[in-house]
$ cat input01.cif   # mmCIF, C-alpha atoms
data_query
#
loop_
_atom_site.label_atom_id
_atom_site.label_comp_id
_atom_site.auth_asym_id
_atom_site.auth_seq_id
_atom_site.Cartn_x
_atom_site.Cartn_y
_atom_site.Cartn_z
CA MET A 1 102.09 -34.46 -46.80
CA THR A 2 104.37 -32.99 -44.17
CA SER A 3 103.46 -32.16 -40.61
CA HIS A 4 105.01 -29.45 -38.54
CA ALA A 5 105.63 -30.25 -34.90
CA PRO A 6 104.62 -27.53 -32.42
CA SER A 7 107.61 -25.39 -31.51
CA LYS A 8 106.80 -24.85 -27.82
CA ARG A 9 106.91 -27.36 -24.99
CA LEU A 10 104.17 -27.42 -22.35
CA PHE A 11 104.46 -29.20 -19.00
CA ILE A 12 101.35 -29.59 -16.84
CA LYS A 13 101.46 -30.99 -13.30
CA THR A 14 98.04 -32.00 -11.99
CA TYR A 15 97.12 -32.16 -8.33
CA GLY A 16 93.99 -33.63 -6.77
CA CYS A 17 90.69 -34.75 -8.21
CA GLN A 18 89.34 -36.08 -11.49
CA MET A 19 87.94 -32.64 -12.27
CA ASN A 20 91.52 -31.36 -12.37
CA VAL A 21 92.57 -34.23 -14.67
CA TYR A 22 89.82 -33.14 -17.05
CA ASP A 23 90.79 -29.46 -16.72
CA SER A 24 94.43 -30.25 -17.50
CA GLU A 25 93.34 -31.97 -20.70
CA ARG A 26 91.41 -28.87 -21.70
CA ILE A 27 94.29 -26.56 -20.80
CA ALA A 28 96.41 -28.53 -23.25
CA ASP A 29 93.60 -28.25 -25.81
CA VAL A 30 93.34 -24.44 -25.65
CA LEU A 31 97.11 -23.99 -25.84
CA THR A 32 97.61 -26.28 -28.85
CA PRO A 33 96.65 -23.53 -31.37
CA LEU A 34 99.45 -21.40 -29.92
CA GLY A 35 101.97 -24.07 -30.83
CA TYR A 36 102.30 -25.80 -27.46
CA ALA A 37 102.79 -29.57 -27.24
CA LEU A 38 102.89 -31.58 -24.03
CA THR A 39 106.21 -32.71 -22.60
CA ASP A 40 106.82 -35.10 -19.70
CA THR A 41 109.30 -32.95 -17.81
CA PRO A 42 109.51 -29.29 -16.76
CA GLU A 43 113.19 -29.09 -17.68
CA GLY A 44 113.47 -26.97 -20.80
CA ALA A 45 109.72 -26.35 -21.04
CA ASP A 46 108.49 -23.08 -22.52
CA MET A 47 105.48 -23.09 -20.23
CA VAL A 48 104.78 -24.84 -16.93
CA VAL A 49 101.26 -25.07 -15.54
CA LEU A 50 100.60 -26.28 -12.00
CA ASN A 51 96.91 -27.27 -11.90
CA THR A 52 96.30 -27.20 -8.18
CA CYS A 53 93.96 -28.64 -5.56
CA HIS A 54 92.99 -26.87 -2.34
CA ILE A 55 91.15 -29.66 -0.51
CA ARG A 56 93.85 -31.16 1.70
CA GLU A 57 95.62 -29.23 4.44
CA LYS A 58 99.16 -29.19 3.02
CA ALA A 59 98.20 -28.83 -0.65
CA THR A 60 99.03 -25.12 -0.84
CA GLU A 61 102.48 -25.52 0.69
CA LYS A 62 103.26 -28.33 -1.74
CA VAL A 63 102.47 -25.95 -4.59
CA TYR A 64 104.80 -23.27 -3.25
CA SER A 65 107.54 -25.84 -2.76
CA GLU A 66 107.15 -26.96 -6.37
CA LEU A 67 107.18 -23.33 -7.52
CA GLY A 68 110.57 -22.88 -5.90
CA ARG A 69 111.94 -25.75 -7.97
CA ILE A 70 110.33 -24.43 -11.17
CA LYS A 71 111.71 -20.94 -10.49
CA ALA A 72 115.24 -22.37 -10.56
CA LEU A 73 114.53 -23.97 -13.95
CA LYS A 74 113.13 -20.67 -15.24
CA THR A 75 116.28 -18.84 -14.14
CA GLU A 76 118.46 -21.47 -15.76
CA LYS A 77 116.57 -21.16 -19.04
CA ALA A 78 116.81 -17.37 -18.97
CA GLN A 79 120.58 -17.58 -18.51
CA SER A 80 120.76 -19.59 -21.73
CA GLY A 81 118.71 -17.00 -23.62
CA GLY A 82 115.31 -18.70 -23.36
CA ALA A 83 112.10 -17.92 -21.53
CA MET A 84 109.65 -19.89 -19.44
CA ILE A 85 106.09 -18.92 -18.52
CA ILE A 86 104.90 -20.21 -15.14
CA ALA A 87 101.15 -20.44 -14.55
CA VAL A 88 99.25 -21.55 -11.46
CA ALA A 89 95.76 -22.83 -12.24
CA GLY A 90 93.00 -24.56 -10.31
CA CYS A 91 91.62 -24.18 -6.80
CA VAL A 92 94.71 -22.82 -5.07
CA ALA A 93 94.80 -20.13 -7.75
CA GLN A 94 91.17 -19.28 -7.05
CA ALA A 95 91.66 -19.22 -3.28
CA GLU A 96 95.04 -17.45 -3.12
CA GLY A 97 94.71 -15.08 -6.10
CA GLU A 98 97.29 -12.33 -6.28
CA GLU A 99 98.93 -13.60 -3.09
CA ILE A 100 100.59 -16.30 -5.21
CA MET A 101 102.33 -13.72 -7.39
CA ILE A 102 103.35 -11.70 -4.34
CA ARG A 103 104.75 -14.70 -2.53
CA GLN A 104 106.42 -16.17 -5.63
CA PRO A 105 107.20 -13.40 -8.17
CA ALA A 106 108.44 -15.96 -10.71
CA VAL A 107 104.79 -16.80 -11.40
CA ASP A 108 103.54 -15.07 -14.55
CA LEU A 109 99.88 -16.09 -14.62
CA VAL A 110 97.24 -17.08 -12.07
CA VAL A 111 94.03 -18.55 -13.44
CA GLY A 112 91.11 -19.92 -11.46
CA PRO A 113 89.29 -23.10 -12.54
CA GLN A 114 86.65 -21.08 -14.40
CA SER A 115 89.18 -19.01 -16.33
CA TYR A 116 91.76 -21.22 -18.00
CA HIS A 117 90.13 -20.56 -21.36
CA ARG A 118 91.76 -17.10 -21.09
CA LEU A 119 95.30 -18.52 -21.06
CA PRO A 120 95.93 -17.74 -24.75
CA GLU A 121 94.86 -14.13 -24.20
CA LEU A 122 96.99 -13.78 -21.10
CA ILE A 123 100.04 -15.26 -22.83
CA ALA A 124 99.60 -12.81 -25.69
CA ARG A 125 99.46 -9.92 -23.25
CA GLY A 126 102.76 -11.17 -21.84
CA HIS A 127 104.23 -8.95 -19.17
CA ARG A 128 101.43 -6.44 -18.89
CA ALA A 129 100.23 -5.13 -15.60
CA ARG A 130 99.77 -7.63 -12.79
CA GLY A 131 96.02 -7.10 -12.82
CA GLU A 132 95.87 -8.23 -16.44
CA SER A 133 97.63 -11.45 -15.50
CA LEU A 134 95.05 -12.49 -12.95
CA ALA A 135 92.00 -14.31 -14.33
CA ALA A 136 90.04 -15.69 -11.43
CA ALA A 137 86.50 -14.44 -12.03
CA PHE A 138 83.65 -16.96 -12.15
CA GLU A 139 82.62 -17.09 -15.80
CA PRO A 140 81.49 -20.68 -16.41
CA GLN A 141 79.48 -20.00 -19.56
CA ALA A 142 82.35 -18.15 -21.21
CA LYS A 143 84.74 -20.87 -20.15
CA PHE A 144 82.86 -23.66 -21.89
CA ASP A 145 82.00 -21.56 -24.94
CA ALA A 146 85.70 -20.88 -25.48
CA LEU A 147 86.79 -24.51 -25.42
CA PRO A 148 87.59 -26.28 -28.70
CA THR A 149 84.84 -28.66 -29.84
CA ALA A 150 87.14 -31.54 -30.73
CA ARG A 151 89.07 -33.47 -28.08
CA GLU A 152 91.76 -36.05 -28.49
CA ALA A 153 90.81 -39.22 -26.63
CA GLY A 154 93.62 -40.77 -24.62
CA GLY A 155 92.06 -44.22 -24.45
CA VAL A 156 88.75 -46.06 -24.45
CA THR A 157 87.46 -44.22 -21.36
CA ALA A 158 87.19 -40.48 -20.78
CA PHE A 159 86.02 -37.90 -18.26
CA LEU A 160 83.38 -35.39 -19.35
CA THR A 161 82.53 -32.39 -17.17
CA VAL A 162 78.80 -31.58 -17.16
CA GLN A 163 78.45 -29.49 -14.00
CA GLU A 164 80.72 -27.27 -11.94
CA GLY A 165 80.50 -25.43 -8.66
CA CYS A 166 78.67 -26.06 -5.43
CA ASP A 167 75.84 -24.34 -3.55
CA LYS A 168 75.85 -26.74 -0.60
CA PHE A 169 78.39 -24.96 1.65
CA CYS A 170 79.43 -27.91 3.77
CA THR A 171 81.31 -26.37 6.68
CA PHE A 172 84.51 -28.35 6.00
CA CYS A 173 84.81 -27.63 2.29
CA VAL A 174 86.40 -24.86 0.22
CA VAL A 175 84.78 -25.83 -3.10
CA PRO A 176 81.93 -23.29 -2.98
CA TYR A 177 84.55 -20.57 -2.59
CA THR A 178 87.01 -21.82 -5.19
CA ARG A 179 84.65 -23.24 -7.84
CA GLY A 180 81.76 -20.83 -7.53
CA ALA A 181 78.03 -21.42 -7.81
CA GLU A 182 76.55 -24.52 -9.39
CA TYR A 183 76.51 -24.29 -13.17
CA SER A 184 75.28 -26.85 -15.68
CA ARG A 185 76.47 -27.01 -19.27
CA PRO A 186 73.86 -27.13 -22.04
CA SER A 187 73.02 -30.73 -22.84
CA ALA A 188 73.56 -30.12 -26.58
CA ALA A 189 77.17 -29.10 -25.93
CA ILE A 190 77.73 -32.12 -23.73
CA GLU A 191 76.22 -34.43 -26.34
CA ALA A 192 78.44 -32.94 -29.05
CA GLU A 193 81.53 -33.57 -26.94
CA ALA A 194 80.39 -37.09 -26.12
CA ARG A 195 79.80 -37.86 -29.79
CA SER A 196 83.26 -36.54 -30.60
CA LEU A 197 84.76 -38.82 -27.94
CA ALA A 198 82.80 -41.83 -29.22
CA ALA A 199 84.02 -41.13 -32.76
CA ARG A 200 87.58 -41.32 -31.42
CA GLY A 201 87.03 -44.75 -29.90
CA VAL A 202 85.84 -43.92 -26.38
CA ARG A 203 83.45 -46.61 -25.12
CA GLU A 204 82.86 -45.26 -21.61
CA VAL A 205 82.41 -41.75 -20.24
CA THR A 206 82.34 -40.62 -16.64
CA LEU A 207 80.24 -37.49 -16.20
CA LEU A 208 81.93 -35.14 -13.75
CA GLY A 209 80.74 -32.44 -11.42
CA GLN A 210 81.34 -31.18 -7.91
CA ASN A 211 77.66 -32.07 -7.41
CA VAL A 212 77.03 -33.90 -10.64
CA ASN A 213 73.53 -35.04 -9.76
CA ALA A 214 72.56 -31.39 -9.27
CA TYR A 215 72.90 -31.09 -13.06
CA ASP A 216 70.07 -29.04 -14.51
CA ASN A 217 69.48 -26.49 -17.23
CA ASP A 218 66.64 -24.85 -19.16
CA GLU A 219 66.23 -27.94 -21.33
CA GLY A 220 64.95 -29.87 -18.30
CA GLY A 221 65.29 -33.51 -17.41
CA GLY A 222 68.21 -33.12 -15.01
CA LEU A 223 71.02 -35.65 -14.94
CA ALA A 224 68.64 -38.53 -15.64
CA GLY A 225 67.49 -36.86 -18.85
CA LEU A 226 71.05 -36.15 -19.91
CA ILE A 227 72.06 -39.76 -19.30
CA ARG A 228 69.15 -41.03 -21.36
CA ARG A 229 70.19 -38.69 -24.18
CA LEU A 230 73.84 -39.78 -24.10
CA ALA A 231 72.84 -43.45 -23.98
CA THR A 232 71.57 -43.16 -27.56
CA ILE A 233 75.03 -42.30 -28.94
CA PRO A 234 76.35 -45.20 -31.08
CA GLY A 235 79.52 -46.74 -29.66
CA LEU A 236 79.10 -45.16 -26.24
CA ASP A 237 78.29 -48.27 -24.25
CA ARG A 238 78.98 -47.27 -20.68
CA ILE A 239 78.07 -44.19 -18.65
CA ARG A 240 79.11 -43.35 -15.09
CA TYR A 241 78.93 -40.18 -13.02
CA THR A 242 80.65 -38.70 -9.97
CA THR A 243 80.50 -37.04 -7.43
CA SER A 244 76.94 -37.04 -6.10
CA HIS A 245 75.18 -35.50 -3.13
CA PRO A 246 72.45 -37.43 -1.30
CA ARG A 247 70.23 -34.34 -1.40
CA ASP A 248 70.17 -34.42 -5.22
CA MET A 249 69.58 -38.16 -5.65
CA THR A 250 66.17 -37.75 -7.30
CA ASN A 251 63.59 -40.43 -8.00
CA ASP A 252 64.01 -40.09 -11.78
CA LEU A 253 67.77 -40.56 -11.47
CA ILE A 254 67.25 -43.63 -9.29
CA ALA A 255 64.79 -44.98 -11.88
CA ALA A 256 67.34 -44.44 -14.64
CA HIS A 257 69.67 -46.91 -12.95
CA GLY A 258 67.06 -49.61 -13.45
CA GLU A 259 66.06 -48.56 -16.96
CA VAL A 260 69.16 -47.37 -18.86
CA GLU A 261 71.37 -50.29 -19.82
CA ALA A 262 74.41 -48.11 -20.45
CA LEU A 263 74.29 -46.64 -16.93
CA MET A 264 76.67 -48.75 -14.89
CA PRO A 265 75.65 -50.26 -11.51
CA TYR A 266 78.17 -48.24 -9.53
CA LEU A 267 77.31 -45.16 -7.50
CA HIS A 268 79.61 -42.90 -5.51
CA LEU A 269 77.33 -41.27 -2.92
CA PRO A 270 79.29 -39.62 -0.10
CA VAL A 271 77.68 -39.58 3.35
CA GLN A 272 80.68 -38.28 5.39
CA SER A 273 79.29 -39.41 8.78
CA GLY A 274 76.67 -41.67 10.29
CA SER A 275 75.90 -39.25 13.13
CA ASP A 276 73.02 -36.83 12.65
CA ARG A 277 74.65 -34.43 15.11
CA VAL A 278 77.86 -34.36 13.08
CA LEU A 279 75.97 -34.18 9.78
CA LYS A 280 74.15 -31.11 11.05
CA ALA A 281 77.45 -29.51 12.08
CA MET A 282 78.78 -30.30 8.61
CA ASN A 283 75.70 -28.64 7.03
CA ARG A 284 75.11 -31.73 4.92
CA ALA A 285 71.31 -31.26 4.77
CA HIS A 286 70.61 -34.99 5.10
CA THR A 287 70.38 -37.45 7.97
CA ALA A 288 71.73 -40.95 8.34
CA GLU A 289 68.19 -42.29 8.03
CA SER A 290 67.41 -40.34 4.83
CA TYR A 291 70.69 -41.55 3.35
CA LEU A 292 69.85 -45.17 4.15
CA ARG A 293 66.39 -44.76 2.59
CA ARG A 294 68.05 -43.46 -0.60
CA ILE A 295 70.33 -46.50 -0.69
CA GLU A 296 67.30 -48.74 -0.19
CA ALA A 297 65.49 -47.13 -3.12
CA ILE A 298 68.57 -47.34 -5.34
CA ARG A 299 68.98 -51.03 -4.66
CA ALA A 300 65.29 -51.60 -5.30
CA ALA A 301 65.81 -50.11 -8.76
CA ARG A 302 69.12 -51.92 -9.38
CA PRO A 303 69.67 -54.83 -6.95
CA ASP A 304 73.31 -55.41 -7.92
CA MET A 305 74.32 -51.76 -7.35
CA ALA A 306 77.82 -51.26 -5.99
CA ILE A 307 77.87 -48.36 -3.53
CA SER A 308 80.93 -46.20 -2.89
CA GLY A 309 81.23 -43.39 -0.38
CA ASP A 310 83.30 -40.75 1.38
CA PHE A 311 83.88 -40.47 5.13
CA ILE A 312 85.49 -37.87 7.37
CA VAL A 313 86.52 -38.92 10.86
CA GLY A 314 87.44 -36.58 13.69
CA PHE A 315 85.22 -33.70 12.59
CA PRO A 316 85.13 -31.01 15.31
CA GLY A 317 82.97 -32.18 18.18
CA GLU A 318 82.81 -35.81 17.03
CA ARG A 319 82.33 -38.02 20.10
CA ASP A 320 82.88 -41.75 20.49
CA GLU A 321 79.16 -42.39 20.03
CA ASP A 322 79.14 -40.30 16.83
CA PHE A 323 81.94 -42.39 15.41
CA GLU A 324 80.18 -45.60 16.42
CA ALA A 325 77.13 -44.33 14.50
CA THR A 326 79.33 -44.06 11.43
CA LEU A 327 80.46 -47.66 11.83
CA ASP A 328 76.82 -48.72 12.21
CA LEU A 329 75.90 -46.95 8.97
CA VAL A 330 78.79 -48.62 7.13
CA ARG A 331 77.59 -52.02 8.33
CA ALA A 332 74.04 -51.21 7.24
CA VAL A 333 75.06 -50.15 3.71
CA GLY A 334 77.82 -52.62 2.84
CA TYR A 335 80.21 -50.63 0.63
CA ALA A 336 81.97 -51.93 -2.46
CA SER A 337 84.62 -49.23 -2.03
CA ALA A 338 85.06 -46.00 -0.13
CA PHE A 339 87.39 -43.10 0.56
CA SER A 340 88.03 -42.10 4.16
CA PHE A 341 90.02 -39.24 5.63
CA LYS A 342 90.92 -37.55 8.87
CA TYR A 343 89.37 -34.11 9.17
CA SER A 344 91.86 -31.36 8.40
CA ARG A 345 91.28 -27.65 8.91
CA ARG A 346 90.85 -25.54 5.79
CA PRO A 347 91.45 -21.85 6.48
CA GLY A 348 88.37 -19.76 5.82
CA THR A 349 85.86 -22.57 6.31
CA PRO A 350 83.42 -22.48 9.26
CA ALA A 351 84.64 -25.82 10.62
CA ALA A 352 88.18 -24.49 11.02
CA ALA A 353 86.97 -22.18 13.79
CA MET A 354 84.68 -24.68 15.53
CA ILE A 355 85.32 -25.66 19.10
CA GLY A 356 86.00 -29.29 19.95
CA GLN A 357 88.81 -29.95 17.48
CA VAL A 358 89.64 -33.65 17.82
CA ASP A 359 93.11 -34.80 18.84
CA ASP A 360 95.19 -36.30 16.03
CA ALA A 361 95.78 -39.53 17.96
CA VAL A 362 92.02 -40.01 18.28
CA LYS A 363 91.56 -39.32 14.57
CA ASP A 364 94.24 -41.87 13.74
CA GLU A 365 92.64 -44.58 15.85
CA ARG A 366 89.18 -43.95 14.43
CA LEU A 367 90.43 -43.86 10.86
CA GLN A 368 92.21 -47.19 11.28
CA ARG A 369 89.06 -48.82 12.63
CA LEU A 370 86.90 -47.38 9.86
CA GLN A 371 89.33 -48.33 7.11
CA ALA A 372 89.61 -51.88 8.45
CA LEU A 373 85.83 -52.27 8.22
CA LEU A 374 85.67 -50.70 4.74
CA ALA A 375 88.53 -52.93 3.53
CA GLU A 376 86.70 -55.98 4.82
CA GLN A 377 83.57 -54.96 2.92
CA GLN A 378 85.47 -54.21 -0.29
CA THR A 379 87.16 -57.61 -0.18
CA ALA A 380 83.82 -59.31 0.46
CA PHE A 381 82.20 -57.48 -2.45
CA ASN A 382 85.00 -58.49 -4.81
CA GLN A 383 84.88 -62.10 -3.65
CA GLY A 384 81.14 -62.09 -4.29
CA VAL A 385 81.89 -61.69 -8.00
CA ALA A 386 84.09 -64.81 -8.10
CA GLY A 387 82.53 -67.58 -10.16
CA ARG A 388 80.41 -65.18 -12.18
CA THR A 389 80.80 -64.26 -15.85
CA ILE A 390 80.68 -60.50 -16.25
CA PRO A 391 81.19 -58.05 -19.15
CA VAL A 392 84.61 -56.41 -19.03
CA LEU A 393 85.72 -53.35 -21.01
CA PHE A 394 89.38 -53.94 -21.83
CA GLU A 395 91.37 -50.72 -21.49
CA ARG A 396 95.11 -51.39 -21.71
CA PRO A 397 97.89 -54.00 -21.58
CA GLY A 398 98.77 -55.49 -18.19
CA ARG A 399 102.19 -55.93 -16.65
CA HIS A 400 102.61 -59.46 -17.96
CA PRO A 401 102.90 -60.57 -21.60
CA GLY A 402 99.53 -61.42 -23.12
CA GLN A 403 97.65 -59.80 -20.24
CA LEU A 404 95.02 -57.07 -20.48
CA ILE A 405 93.42 -54.93 -17.80
CA GLY A 406 89.81 -53.90 -17.97
CA ARG A 407 86.94 -52.74 -15.78
CA SER A 408 83.87 -54.57 -14.61
CA PRO A 409 80.48 -52.83 -14.54
CA TYR A 410 81.21 -52.25 -10.83
CA LEU A 411 84.45 -50.36 -11.61
CA GLN A 412 86.68 -53.22 -10.41
CA ALA A 413 90.01 -53.74 -12.13
CA VAL A 414 90.00 -57.08 -13.97
CA HIS A 415 93.17 -58.91 -15.12
CA CYS A 416 92.78 -61.39 -17.95
CA SER A 417 94.86 -63.16 -20.59
CA ALA A 418 93.61 -61.80 -23.89
CA PRO A 419 95.00 -60.56 -27.21
CA ALA A 420 95.68 -56.85 -27.63
CA SER A 421 92.95 -56.76 -30.28
CA GLN A 422 90.43 -56.90 -27.42
CA ILE A 423 91.39 -53.42 -26.17
CA GLY A 424 88.34 -51.21 -26.58
CA ARG A 425 85.97 -54.16 -26.63
CA ILE A 426 83.52 -55.41 -24.04
CA ALA A 427 83.81 -59.16 -23.61
CA PRO A 428 82.51 -61.75 -21.12
CA VAL A 429 85.06 -62.82 -18.54
CA THR A 430 84.63 -65.60 -15.99
CA ILE A 431 86.09 -64.47 -12.66
CA HIS A 432 88.10 -67.14 -10.86
CA ALA A 433 89.96 -65.10 -8.23
CA ALA A 434 89.36 -61.92 -6.24
CA THR A 435 91.57 -59.81 -3.98
CA HIS A 436 90.95 -56.60 -2.09
CA ASN A 437 91.94 -54.49 -5.10
CA SER A 438 91.17 -56.48 -8.24
CA LEU A 439 89.70 -59.50 -9.99
CA ALA A 440 91.32 -62.13 -12.20
CA GLY A 441 89.54 -64.19 -14.81
CA GLU A 442 89.59 -65.78 -18.23
CA MET A 443 87.76 -65.05 -21.44
CA ALA A 444 84.44 -66.85 -21.61
CA LEU A 445 83.08 -68.44 -24.74
CA GLU A 446 80.31 -66.28 -26.12
CA THR A 447 77.13 -68.14 -26.94
CA ALA A 448 75.02 -67.35 -29.92
#
$ encode --input "input01.cif" --output "structure tokens"
Amino acid sequence: MTSHAPSKRLFIKTYGCQMNVYDSERIADVLTPLGYALTDTPEGADMVVLNTCHIREKATEKVYSELGRIKALKTEKAQSGGAMIIAVAGCVAQAEGEEIMIRQPAVDLVVGPQSYHRLPELIARGHRARGESLAAAFEPQAKFDALPTAREAGGVTAFLTVQEGCDKFCTFCVVPYTRGAEYSRPSAAIEAEARSLAARGVREVTLLGQNVNAYDNDEGGGLAGLIRRLATIPGLDRIRYTTSHPRDMTNDLIAAHGEVEALMPYLHLPVQSGSDRVLKAMNRAHTAESYLRRIEAIRAARPDMAISGDFIVGFPGERDEDFEATLDLVRAVGYASAFSFKYSRRPGTPAAAMIGQVDDAVKDERLQRLQALLAEQQTAFNQGVAGRTIPVLFERPGRHPGQLIGRSPYLQAVHCSAPASQIGRIAPVTIHAATHNSLAGEMALETA
């Protein structure tokens, strides 16, 4: 039996979040029937896709800088008689639209995050009118219906998008404008994809969504019901989800953490600030007190829950006492990990035009203080696992001979001496050392 290698080379550069990692995988999936195979370099590629992110301040300019480099490669290939298609996908594509093709004419296609399923059609149309090359409409149902059922698993863990879009309209965020309204995939389609992943050796899935715990559809049950359904799939032993909104942390989802064994004791629940005044300006629709009560309920359901969060410092109008309120909230919660950022203006968002923009030097000082506290808590959480025997899902070889790297239930990286045959297995590991970033341990003897 002979196999024919695809004749076209596809290079995808991914910027930003886990959603974009997932989307890049699916872009490769929909282009495979057209004969495209992934390559690690843009040099000589037949198609280059920049899957972009629009969250950070300089993200757009980085894309245009990269497009200048890709344009030179496209010209070089044309001079040798070849052709290269350049596509810009993702959130910058959604936000900038036709402006991308005006500013950089070398770009052939612009597709928003809801429209990459149309790439094969757009490629077939080739050099038709510019309007035909722009696919940025919000069509989430069509997008998912057009995706291939089967996916190639790249390891023993995988991302699985279940929800897209956002209706929250936080004043600092572009997602509601670039990803559209909240949309939930049918649970049957999600289950089919999860079963396909499990059949390919995936042991853990992370359910993705801009507001994943807002998941809902006509079948009912919300995210908790979906998790319970996926937990019945043979071979799928671990389930996680991200990113959540405190407003959508329902009682049934909290209960699921105490009742569904496959649901891991790790929750990413962004709060952004500990000041009610700042939270109101952010349009977060929760208070510091309501957030703390949610954390209390979550830990009542699952006492060993590891909490992760997001924080923005220097939001317009943030005073010293507002920042101190954030530090107080961090101390009250005790985070296992967290992401923290200085506020940066995003054009078109309400916060960009707010008065009271905070000086960069003040942002820097506040961020350093916050990150020092969060680092202290993360180290303490990791050290709290030392001496315990915990189940570890081994994912890949480590840097040293005979070493494997896996993940604890709390999403910590675990280094352990173990044979390669353990990859894809969950095994007990006794932790003997902990650092800020990882754990180290040795295989424990399993008892009958």
$ resolve_selection --input "input01.cif" --expression "the PyMOL selection byres ((chain A and resi 369) around 12)" --output "list in words"
Val313, Phe323, Glu324, Thr326, Leu327, Val330, Ser340, Phe341, Val362, Lys363, Asp364, Glu365, Arg366, Leu367, Gln368, Leu370, Gln371, Ala372, Leu373, Leu374, Ala375 and Glu376 of chain A
$ resolve_selection --input "input01.cif" --expression "the PyMOL selection byres ((chain A and resi 315) around 12)" --output "PyMOL selection string"
chain A and resi 171-173+272-275+277-282+311-314+316-320+322-323+326+341-345+350-360+362-363+366-367
$ closest_residue --input "input01.cif" --among "A:Ile307, A:Met19, A:Cys170, A:Ala262" --to "Ser337 of chain A" --atoms "only C-alpha atoms"
A:Ile307
$ residues_around --input "input01.cif" --residues "segment 387-397 of chain A" --least-positions-apart "4" --cutoff "12 Å" --atoms "all atoms listed in the file" --output "ChimeraX atom specification"
/A:154-158,201-204,236-238,264,382-383,401-434,439-446
$ resolve_selection --input "input01.cif" --expression "the PyMOL selection byres ((chain A and resi 48) around 10)" --output "VMD selection string"
chain A and resid 9 to 13 38 to 39 41 to 47 49 to 51 67 70 74 84 to 88 107
$ write_last_selection --input "input01.cif" --atoms "C-alpha atoms" --output "mmCIF file, in the frame of the given file"
data_model
loop_
_atom_site.group_PDB
_atom_site.id
_atom_site.type_symbol
_atom_site.label_atom_id
_atom_site.label_comp_id
_atom_site.auth_asym_id
_atom_site.auth_seq_id
_atom_site.Cartn_x
_atom_site.Cartn_y
_atom_site.Cartn_z
ATOM 1 C CA ARG A 9 106.910 -27.360 -24.990
ATOM 2 C CA LEU A 10 104.170 -27.420 -22.350
ATOM 3 C CA PHE A 11 104.460 -29.200 -19.000
ATOM 4 C CA ILE A 12 101.350 -29.590 -16.840
ATOM 5 C CA LYS A 13 101.460 -30.990 -13.300
ATOM 6 C CA LEU A 38 102.890 -31.580 -24.030
ATOM 7 C CA THR A 39 106.210 -32.710 -22.600
ATOM 8 C CA THR A 41 109.300 -32.950 -17.810
ATOM 9 C CA PRO A 42 109.510 -29.290 -16.760
ATOM 10 C CA GLU A 43 113.190 -29.090 -17.680
ATOM 11 C CA GLY A 44 113.470 -26.970 -20.800
ATOM 12 C CA ALA A 45 109.720 -26.350 -21.040
ATOM 13 C CA ASP A 46 108.490 -23.080 -22.520
ATOM 14 C CA MET A 47 105.480 -23.090 -20.230
ATOM 15 C CA VAL A 49 101.260 -25.070 -15.540
ATOM 16 C CA LEU A 50 100.600 -26.280 -12.000
ATOM 17 C CA ASN A 51 96.910 -27.270 -11.900
ATOM 18 C CA LEU A 67 107.180 -23.330 -7.520
ATOM 19 C CA ILE A 70 110.330 -24.430 -11.170
ATOM 20 C CA LYS A 74 113.130 -20.670 -15.240
ATOM 21 C CA MET A 84 109.650 -19.890 -19.440
ATOM 22 C CA ILE A 85 106.090 -18.920 -18.520
ATOM 23 C CA ILE A 86 104.900 -20.210 -15.140
ATOM 24 C CA ALA A 87 101.150 -20.440 -14.550
ATOM 25 C CA VAL A 88 99.250 -21.550 -11.460
ATOM 26 C CA VAL A 107 104.790 -16.800 -11.400
#
$ residues_around --input "input01.cif" --residues "Leu253 of chain A" --least-positions-apart "6" --cutoff "12 Å" --atoms "only C-alpha atoms" --output "VMD selection string"
chain A and resid 212 to 215 221 to 228 241 244 246 259 to 260 263 267 294 297 to 298 301 to 302
$ closest_residue --input "input01.cif" --among "A:His436, A:Arg331, A:Arg185, A:Lys8" --to "Leu208 of chain A" --atoms "only C-alpha atoms"
A:Arg185
$ residues_around --input "input01.cif" --residues "Ala300 of chain A" --least-positions-apart "4" --cutoff "12 Å" --atoms "all atoms listed in the file" --output "PDB file with C-alpha atoms, in the frame of the given file"
ATOM      1  CA  ASN A 251      63.590 -40.430  -8.000  1.00  0.00           C
ATOM      2  CA  ILE A 254      67.250 -43.630  -9.290  1.00  0.00           C
ATOM      3  CA  ALA A 255      64.790 -44.980 -11.880  1.00  0.00           C
ATOM      4  CA  ALA A 256      67.340 -44.440 -14.640  1.00  0.00           C
ATOM      5  CA  HIS A 257      69.670 -46.910 -12.950  1.00  0.00           C
ATOM      6  CA  GLY A 258      67.060 -49.610 -13.450  1.00  0.00           C
ATOM      7  CA  ARG A 293      66.390 -44.760   2.590  1.00  0.00           C
ATOM      8  CA  ARG A 294      68.050 -43.460  -0.600  1.00  0.00           C
ATOM      9  CA  ILE A 295      70.330 -46.500  -0.690  1.00  0.00           C
ATOM     10  CA  GLU A 296      67.300 -48.740  -0.190  1.00  0.00           C
ATOM     11  CA  ASP A 304      73.310 -55.410  -7.920  1.00  0.00           C
ATOM     12  CA  MET A 305      74.320 -51.760  -7.350  1.00  0.00           C
TER      13      MET A 305
END
$ closest_residue --input "input01.cif" --among "A:Arg118, A:Ile239, A:Glu289, A:Gln104" --to "Ala72 of chain A" --atoms "only C-alpha atoms"
A:Gln104
$ axis_aligned_box --input "input01.cif" --around "segment 241-257 of chain A" --padding-each-side "5 Å" --output "lines of an AutoDock Vina configuration file"
center_x = 72.1
center_y = -40.6
center_z = -8.0
size_x = 27.1
size_y = 22.6
size_z = 23.3
$ closest_residue --input "input01.cif" --among "A:Ala325, A:Leu207, A:Val63, A:Ala198" --to "Ser184 of chain A" --atoms "all atoms listed in the file"
A:Leu207
